[in-house]
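**Student:** So here's upload-v2.pdb (PDB, C-alpha atoms).
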ATOM      1  CA  MET R   1     -39.864   0.285 -10.481  1.00  0.00           C
ATOM      2  CA  SER R   2     -40.712  -2.880  -8.621  1.00  0.00           C
ATOM      3  CA  ILE R   3     -40.899  -4.192  -5.106  1.00  0.00           C
ATOM      4  CA  GLU R   4     -39.047  -7.398  -4.343  1.00  0.00           C
ATOM      5  CA  TYR R   5     -38.108  -9.185  -1.152  1.00  0.00           C
ATOM      6  CA  ASP R   6     -34.600  -9.383   0.261  1.00  0.00           C
ATOM      7  CA  GLY R   7     -33.448 -13.015   0.230  1.00  0.00           C
ATOM      8  CA  ARG R   8     -31.712 -12.728   3.595  1.00  0.00           C
ATOM      9  CA  THR R   9     -34.122 -10.655   5.673  1.00  0.00           C
ATOM     10  CA  GLY R  10     -37.385 -11.243   3.798  1.00  0.00           C
ATOM     11  CA  LYS R  11     -38.109  -7.514   3.974  1.00  0.00           C
ATOM     12  CA  PRO R  12     -39.460  -5.653   0.962  1.00  0.00           C
ATOM     13  CA  ILE R  13     -36.964  -3.656  -1.088  1.00  0.00           C
ATOM     14  CA  TYR R  14     -37.511  -1.091  -3.815  1.00  0.00           C
ATOM     15  CA  ILE R  15     -35.805  -1.809  -7.141  1.00  0.00           C
ATOM     16  CA  ASP R  16     -35.189   1.130  -9.477  1.00  0.00           C
ATOM     17  CA  GLU R  17     -33.419   0.104 -12.684  1.00  0.00           C
ATOM     18  CA  ARG R  18     -32.728   3.609 -13.984  1.00  0.00           C
ATOM     19  CA  GLU R  19     -29.100   4.239 -14.799  1.00  0.00           C
ATOM     20  CA  PHE R  20     -27.392   7.344 -13.493  1.00  0.00           C
ATOM     21  CA  LYS R  21     -23.933   8.845 -13.658  1.00  0.00           C
ATOM     22  CA  VAL R  22     -22.174  10.236 -10.651  1.00  0.00           C
ATOM     23  CA  ARG R  23     -19.656  13.053 -10.872  1.00  0.00           C
ATOM     24  CA  TYR R  24     -17.616  13.996  -7.891  1.00  0.00           C
ATOM     25  CA  ARG R  25     -14.780  16.305  -7.028  1.00  0.00           C
ATOM     26  CA  SER R  26     -12.134  15.503  -4.502  1.00  0.00           C
ATOM     27  CA  SER R  27      -9.278  17.522  -3.099  1.00  0.00           C
ATOM     28  CA  LEU R  28      -5.948  16.072  -4.230  1.00  0.00           C
ATOM     29  CA  GLY R  29      -3.870  17.400  -1.362  1.00  0.00           C
ATOM     30  CA  PHE R  30      -0.776  15.220  -1.025  1.00  0.00           C
ATOM     31  CA  LEU R  31      -1.640  13.319  -4.245  1.00  0.00           C
ATOM     32  CA  GLU R  32      -1.414  16.347  -6.549  1.00  0.00           C
ATOM     33  CA  GLU R  33       2.173  15.422  -7.508  1.00  0.00           C
ATOM     34  CA  TYR R  34       1.079  11.866  -8.356  1.00  0.00           C
ATOM     35  CA  PHE R  35      -1.711  13.029 -10.667  1.00  0.00           C
ATOM     36  CA  ARG R  36       0.519  15.667 -12.296  1.00  0.00           C
ATOM     37  CA  GLY R  37       2.969  12.845 -12.992  1.00  0.00           C
ATOM     38  CA  LEU R  38       0.271  10.806 -14.721  1.00  0.00           C
ATOM     39  CA  GLU R  39      -0.613  13.815 -16.887  1.00  0.00           C
ATOM     40  CA  GLU R  40       3.062  13.916 -17.928  1.00  0.00           C
ATOM     41  CA  GLY R  41       3.223  10.167 -18.563  1.00  0.00           C
ATOM     42  CA  ARG R  42       5.199   9.419 -15.373  1.00  0.00           C
ATOM     43  CA  ILE R  43       4.235   6.951 -12.656  1.00  0.00           C
ATOM     44  CA  LEU R  44       5.214   7.972  -9.141  1.00  0.00           C
ATOM     45  CA  ALA R  45       5.412   5.870  -5.986  1.00  0.00           C
ATOM     46  CA  VAL R  46       6.466   6.994  -2.507  1.00  0.00           C
ATOM     47  CA  ARG R  47       9.318   6.030  -0.201  1.00  0.00           C
ATOM     48  CA  CYS R  48       9.507   6.533   3.548  1.00  0.00           C
ATOM     49  CA  MET R  49      12.682   8.501   4.196  1.00  0.00           C
ATOM     50  CA  ASP R  50      12.898   7.110   7.749  1.00  0.00           C
ATOM     51  CA  CYS R  51      12.596   3.330   7.229  1.00  0.00           C
ATOM     52  CA  GLY R  52      12.819   2.938   3.427  1.00  0.00           C
ATOM     53  CA  ALA R  53       9.377   1.328   2.909  1.00  0.00           C
ATOM     54  CA  ARG R  54       7.924   1.919  -0.559  1.00  0.00           C
ATOM     55  CA  TYR R  55       4.280   2.248  -1.548  1.00  0.00           C
ATOM     56  CA  TYR R  56       2.148   2.219  -4.646  1.00  0.00           C
ATOM     57  CA  PRO R  57      -0.392   3.612  -4.847  1.00  0.00           C
ATOM     58  CA  PRO R  58       1.121   6.538  -2.959  1.00  0.00           C
ATOM     59  CA  ARG R  59       0.136   7.202   0.629  1.00  0.00           C
ATOM     60  CA  SER R  60       0.827  10.183   2.850  1.00  0.00           C
ATOM     61  CA  PHE R  61       2.332   8.240   5.756  1.00  0.00           C
ATOM     62  CA  CYS R  62       4.312   5.042   6.308  1.00  0.00           C
ATOM     63  CA  ILE R  63       2.324   2.108   7.661  1.00  0.00           C
ATOM     64  CA  GLU R  64       5.576   0.429   8.742  1.00  0.00           C
ATOM     65  CA  CYS R  65       6.902   3.133  11.079  1.00  0.00           C
ATOM     66  CA  GLY R  66       4.164   5.801  11.124  1.00  0.00           C
ATOM     67  CA  SER R  67       6.416   8.501   9.653  1.00  0.00           C
ATOM     68  CA  ARG R  68       5.059  11.279   7.476  1.00  0.00           C
ATOM     69  CA  ASN R  69       8.544  11.833   6.024  1.00  0.00           C
ATOM     70  CA  ILE R  70       7.431  10.532   2.621  1.00  0.00           C
ATOM     71  CA  ARG R  71       8.912  11.434  -0.775  1.00  0.00           C
ATOM     72  CA  PHE R  72       7.744  10.708  -4.301  1.00  0.00           C
ATOM     73  CA  TYR R  73      10.028   8.907  -6.718  1.00  0.00           C
ATOM     74  CA  GLN R  74       9.548   8.112 -10.377  1.00  0.00           C
ATOM     75  CA  LEU R  75       9.227   4.461 -11.320  1.00  0.00           C
ATOM     76  CA  SER R  76      11.292   2.951 -14.101  1.00  0.00           C
ATOM     77  CA  ASP R  77       9.616   2.419 -17.459  1.00  0.00           C
ATOM     78  CA  VAL R  78      10.627  -1.288 -17.434  1.00  0.00           C
ATOM     79  CA  GLY R  79       9.501  -3.980 -14.989  1.00  0.00           C
ATOM     80  CA  LYS R  80       8.908  -7.737 -14.614  1.00  0.00           C
ATOM     81  CA  LEU R  81       5.518  -9.305 -15.245  1.00  0.00           C
ATOM     82  CA  VAL R  82       4.541 -11.220 -12.088  1.00  0.00           C
ATOM     83  CA  THR R  83       1.133 -12.574 -13.100  1.00  0.00           C
ATOM     84  CA  TYR R  84      -1.723 -11.843 -15.493  1.00  0.00           C
ATOM     85  CA  THR R  85      -5.255 -12.861 -16.414  1.00  0.00           C
ATOM     86  CA  GLU R  86      -7.614 -12.316 -19.310  1.00  0.00           C
ATOM     87  CA  ILE R  87     -10.872 -10.574 -18.479  1.00  0.00           C
ATOM     88  CA  ASN R  88     -13.791 -12.100 -20.385  1.00  0.00           C
ATOM     89  CA  VAL R  89     -16.642 -11.132 -18.054  1.00  0.00           C
ATOM     90  CA  LYS R  90     -16.371  -7.389 -17.742  1.00  0.00           C
ATOM     91  CA  PRO R  91     -17.941  -4.858 -15.421  1.00  0.00           C
ATOM     92  CA  GLN R  92     -20.627  -2.726 -17.044  1.00  0.00           C
ATOM     93  CA  THR R  93     -18.200   0.206 -17.287  1.00  0.00           C
ATOM     94  CA  HIS R  94     -16.010  -1.877 -19.623  1.00  0.00           C
ATOM     95  CA  SER R  95     -18.720  -3.840 -21.435  1.00  0.00           C
ATOM     96  CA  ASP R  96     -18.129  -1.998 -24.723  1.00  0.00           C
ATOM     97  CA  TYR R  97     -14.488  -3.102 -24.815  1.00  0.00           C
ATOM     98  CA  THR R  98     -13.204  -6.388 -26.182  1.00  0.00           C
ATOM     99  CA  ASP R  99     -11.693  -8.913 -23.774  1.00  0.00           C
ATOM    100  CA  TYR R 100      -8.513  -7.572 -22.208  1.00  0.00           C
ATOM    101  CA  ILE R 101      -5.575  -8.706 -20.109  1.00  0.00           C
ATOM    102  CA  VAL R 102      -4.743  -7.314 -16.681  1.00  0.00           C
ATOM    103  CA  GLY R 103      -1.305  -7.911 -15.200  1.00  0.00           C
ATOM    104  CA  VAL R 104       0.774  -7.270 -12.113  1.00  0.00           C
ATOM    105  CA  VAL R 105       4.294  -5.918 -12.670  1.00  0.00           C
ATOM    106  CA  GLU R 106       7.078  -5.528 -10.133  1.00  0.00           C
ATOM    107  CA  VAL R 107       9.198  -2.407 -10.556  1.00  0.00           C
ATOM    108  CA  ASP R 108      11.481  -0.451  -8.217  1.00  0.00           C
ATOM    109  CA  GLY R 109      10.205  -2.086  -5.038  1.00  0.00           C
ATOM    110  CA  VAL R 110       6.459  -1.899  -5.705  1.00  0.00           C
ATOM    111  CA  LYS R 111       3.839  -3.757  -7.720  1.00  0.00           C
ATOM    112  CA  LEU R 112       1.566  -2.123 -10.281  1.00  0.00           C
ATOM    113  CA  VAL R 113      -1.686  -3.381 -11.759  1.00  0.00           C
ATOM    114  CA  GLY R 114      -2.418  -2.422 -15.344  1.00  0.00           C
ATOM    115  CA  HIS R 115      -3.575  -3.421 -18.803  1.00  0.00           C
ATOM    116  CA  VAL R 116      -1.298  -5.712 -20.822  1.00  0.00           C
ATOM    117  CA  ASN R 117      -1.065  -4.972 -24.545  1.00  0.00           C
ATOM    118  CA  ALA R 118      -0.216  -8.428 -25.876  1.00  0.00           C
ATOM    119  CA  LYS R 119      -1.757 -11.730 -26.888  1.00  0.00           C
ATOM    120  CA  PHE R 120      -2.363 -13.998 -23.919  1.00  0.00           C
ATOM    121  CA  GLU R 121      -0.397 -16.853 -25.506  1.00  0.00           C
ATOM    122  CA  ASP R 122       2.669 -14.594 -25.875  1.00  0.00           C
ATOM    123  CA  LEU R 123       2.906 -13.953 -22.132  1.00  0.00           C
ATOM    124  CA  LYS R 124       4.676 -15.757 -19.325  1.00  0.00           C
ATOM    125  CA  PRO R 125       5.719 -14.731 -15.817  1.00  0.00           C
ATOM    126  CA  ASP R 126       9.060 -12.946 -15.340  1.00  0.00           C
ATOM    127  CA  ILE R 127       9.233 -11.394 -18.805  1.00  0.00           C
ATOM    128  CA  ASP R 128      10.366  -7.783 -19.066  1.00  0.00           C
ATOM    129  CA  VAL R 129       7.672  -5.286 -19.980  1.00  0.00           C
ATOM    130  CA  SER R 130       7.632  -1.604 -20.787  1.00  0.00           C
ATOM    131  CA  ILE R 131       5.447   0.536 -18.541  1.00  0.00           C
ATOM    132  CA  SER R 132       3.569   3.568 -19.788  1.00  0.00           C
ATOM    133  CA  VAL R 133       0.520   5.701 -19.074  1.00  0.00           C
ATOM    134  CA  ASP R 134      -2.291   6.428 -21.497  1.00  0.00           C
ATOM    135  CA  ARG R 135      -5.878   7.532 -21.688  1.00  0.00           C
ATOM    136  CA  ARG R 136      -8.243   5.990 -24.213  1.00  0.00           C
ATOM    137  CA  ASP R 137     -10.299   8.299 -26.403  1.00  0.00           C
ATOM    138  CA  GLY R 138     -13.404   9.273 -24.490  1.00  0.00           C
ATOM    139  CA  ASP R 139     -12.073   8.136 -21.102  1.00  0.00           C
ATOM    140  CA  THR R 140     -11.429  10.597 -18.293  1.00  0.00           C
ATOM    141  CA  TYR R 141      -8.979   8.429 -16.355  1.00  0.00           C
ATOM    142  CA  TYR R 142      -5.416   7.296 -16.947  1.00  0.00           C
ATOM    143  CA  ARG R 143      -4.440   3.657 -17.410  1.00  0.00           C
ATOM    144  CA  ILE R 144      -1.138   1.959 -16.757  1.00  0.00           C
ATOM    145  CA  ILE R 145      -0.092  -0.081 -19.777  1.00  0.00           C
ATOM    146  CA  PHE R 146       2.377  -2.982 -19.924  1.00  0.00           C
ATOM    147  CA  LYS R 147       3.849  -4.248 -23.170  1.00  0.00           C
ATOM    148  CA  PRO R 148       6.316  -7.128 -23.504  1.00  0.00           C
ATOM    149  CA  LEU R 149       9.776  -6.025 -24.627  1.00  0.00           C
ATOM    150  CA  GLU R 150      11.238  -7.523 -27.742  1.00  0.00           C
ATOM    151  CA  ARG R 151      13.637 -10.381 -27.058  1.00  0.00           C
ATOM    152  CA  ASP R 152      17.020 -10.502 -28.772  1.00  0.00           C
TER     153      ASP R 152
END
Show the structure stored in the file as structure tokens.
**Tutor:**
Amino acid sequence: MSIEYDGRTGKPIYIDEREFKVRYRSSLGFLEEYFRGLEEGRILAVRCMDCGARYYPPRSFCIECGSRNIRFYQLSDVGKLVTYTEINVKPQTHSDYTDYIVGVVEVDGVKLVGHVNAKFEDLKPDIDVSISVDRRDGDTYYRIIFKPLERD
């Protein structure tokens, strides 16, 4: 424990450096189908049945027209890599992992963010990638994984 002074206000602040974990529970409601899909290795987006707008991550209403006439649809397991970056300075939650690549992939009218399983030098925009879902040993959350497809 220590007392320091806020750089902006000059007021004293209490600093407690103990680490703690937070567990929370949240009702899935509309998103139950999405999370069931992840458990089955499927990635679901939603489409507005009134205006055709598509969303990922899923939402329960359309921000284009306000409709709640929303339906889930399964995304293809192949998409196009839009952009990517290598993460060298990681958040504390990922500090035990080696450097990794995060990419954005366009598929079926939406864009996904996920981990790219490849060497940075082997990547370039607009390549086709496979899309899958996994969960690392010890992790409690699902990850979206992109992997470049073999070229003929």
**Student:** Any chance you could resolve the PyMOL selection byres ((chain R and resi 14) around 8) against this file and give the residues as a CSV table (one decimal) with C-alpha atoms, in the frame of the given file?
**Tutor:**
chain,number,residue,atom,x,y,z
R,1,MET,CA,-39.9,0.3,-10.5
R,2,SER,CA,-40.7,-2.9,-8.6
R,3,ILE,CA,-40.9,-4.2,-5.1
R,4,GLU,CA,-39.0,-7.4,-4.3
R,12,PRO,CA,-39.5,-5.7,1.0
R,13,ILE,CA,-37.0,-3.7,-1.1
R,15,ILE,CA,-35.8,-1.8,-7.1
R,16,ASP,CA,-35.2,1.1,-9.5
**Student:** For a quick check of understanding, using all atoms listed in the file, which of R:Val116, R:Ile87, R:Val22, R:Val133 has the smallest distance to R:Leu75?
**Tutor:** R:Val133
**Student:** List the neighbours of stretch 29-44 of chain R out to 9 Å using all atoms listed in the file; skip same-chain residues closer than 2 positions along the sequence, and give me the result as a PyMOL selection string.
**Tutor:** chain R and resi 27+46+56-60+72-77+131-134+142-144
**Student:** Rounded to one decimal, what separation in Å do you get between atom CA of R:Gln92 and atom CA of R:Gly7?
**Tutor:** 23.8 Å
**Student:** Exactly which residues make up the result of the PyMOL selection byres ((chain R and resi 64) around 10) on this file, given as a list in words?
**Tutor:**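 Output of the PyMOL selection byres ((chain R and resi 64) around 10): Cys48, Asp50, Cys51, Gly52, Ala53, Arg54, Phe61, Cys62, Ile63, Cys65, Gly66 and Ser67 of chain R.
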**Student:** If we count all atoms listed in the file and set the cut-off at 6 Å, which residues sit around stretch 105-114 of chain R, ignoring sequence neighbours fewer than 3 positions away in its own chain? Please answer as number ranges by chain.
**Tutor:** R: 79-82, 102, 144-145
**Student:** Just give me the gap between atom CA of R:Asn117 and atom CA of R:Glu86 in Å, one decimal is fine.
**Tutor:**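 Going from atom CA of R:Asn117 over to atom CA of R:Glu86, I get 11.1 Å.
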**Student:** Determine the residue membership of the PyMOL selection byres ((chain R and resi 118) around 12) for the file above and supply it as a ChimeraX atom specification.
**Tutor:** /R:84-86,99-103,115-117,119-124,129-130,145-150
**Student:** Quick one: what's the axis-aligned box for stretch 136-139 of chain R, all listed atoms, 3 Å on every side, centre and edges in Å to one decimal, as AutoDock Vina command-line options?
**Tutor:**
--center_x -10.8 --center_y 7.6 --center_z -23.8 --size_x 11.2 --size_y 9.3 --size_z 11.3
**Student:** To one decimal in Å, tell me the separation between atom CA of R:Pro91 and atom CA of R:Ser26.
**Tutor:**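 The value is 23.8 Å.
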**Student:** Pick from R:Arg68, R:Arg136, R:Thr83, R:Ile127: nearest to R:Tyr97, with all atoms listed in the file counted?
**Tutor:**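 Under the stated criterion, the closest residue is R:Arg136.
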**Student:** Which of these residues is nearest to R:Arg71, using all atoms listed in the file: R:Leu28, R:Met49, R:Phe20, R:Arg135?
**Tutor:**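 Once distances to R:Arg71 are computed over all atoms listed in the file, the minimum belongs to R:Met49.
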**Student:** Can you work out which one of R:Asp126, R:Arg47, R:Arg8, R:Arg23 has the shortest atom-to-atom distance to R:Thr140, counting only C-alpha atoms?
**Tutor:**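 Closest to R:Thr140 of all the choices is R:Arg23.
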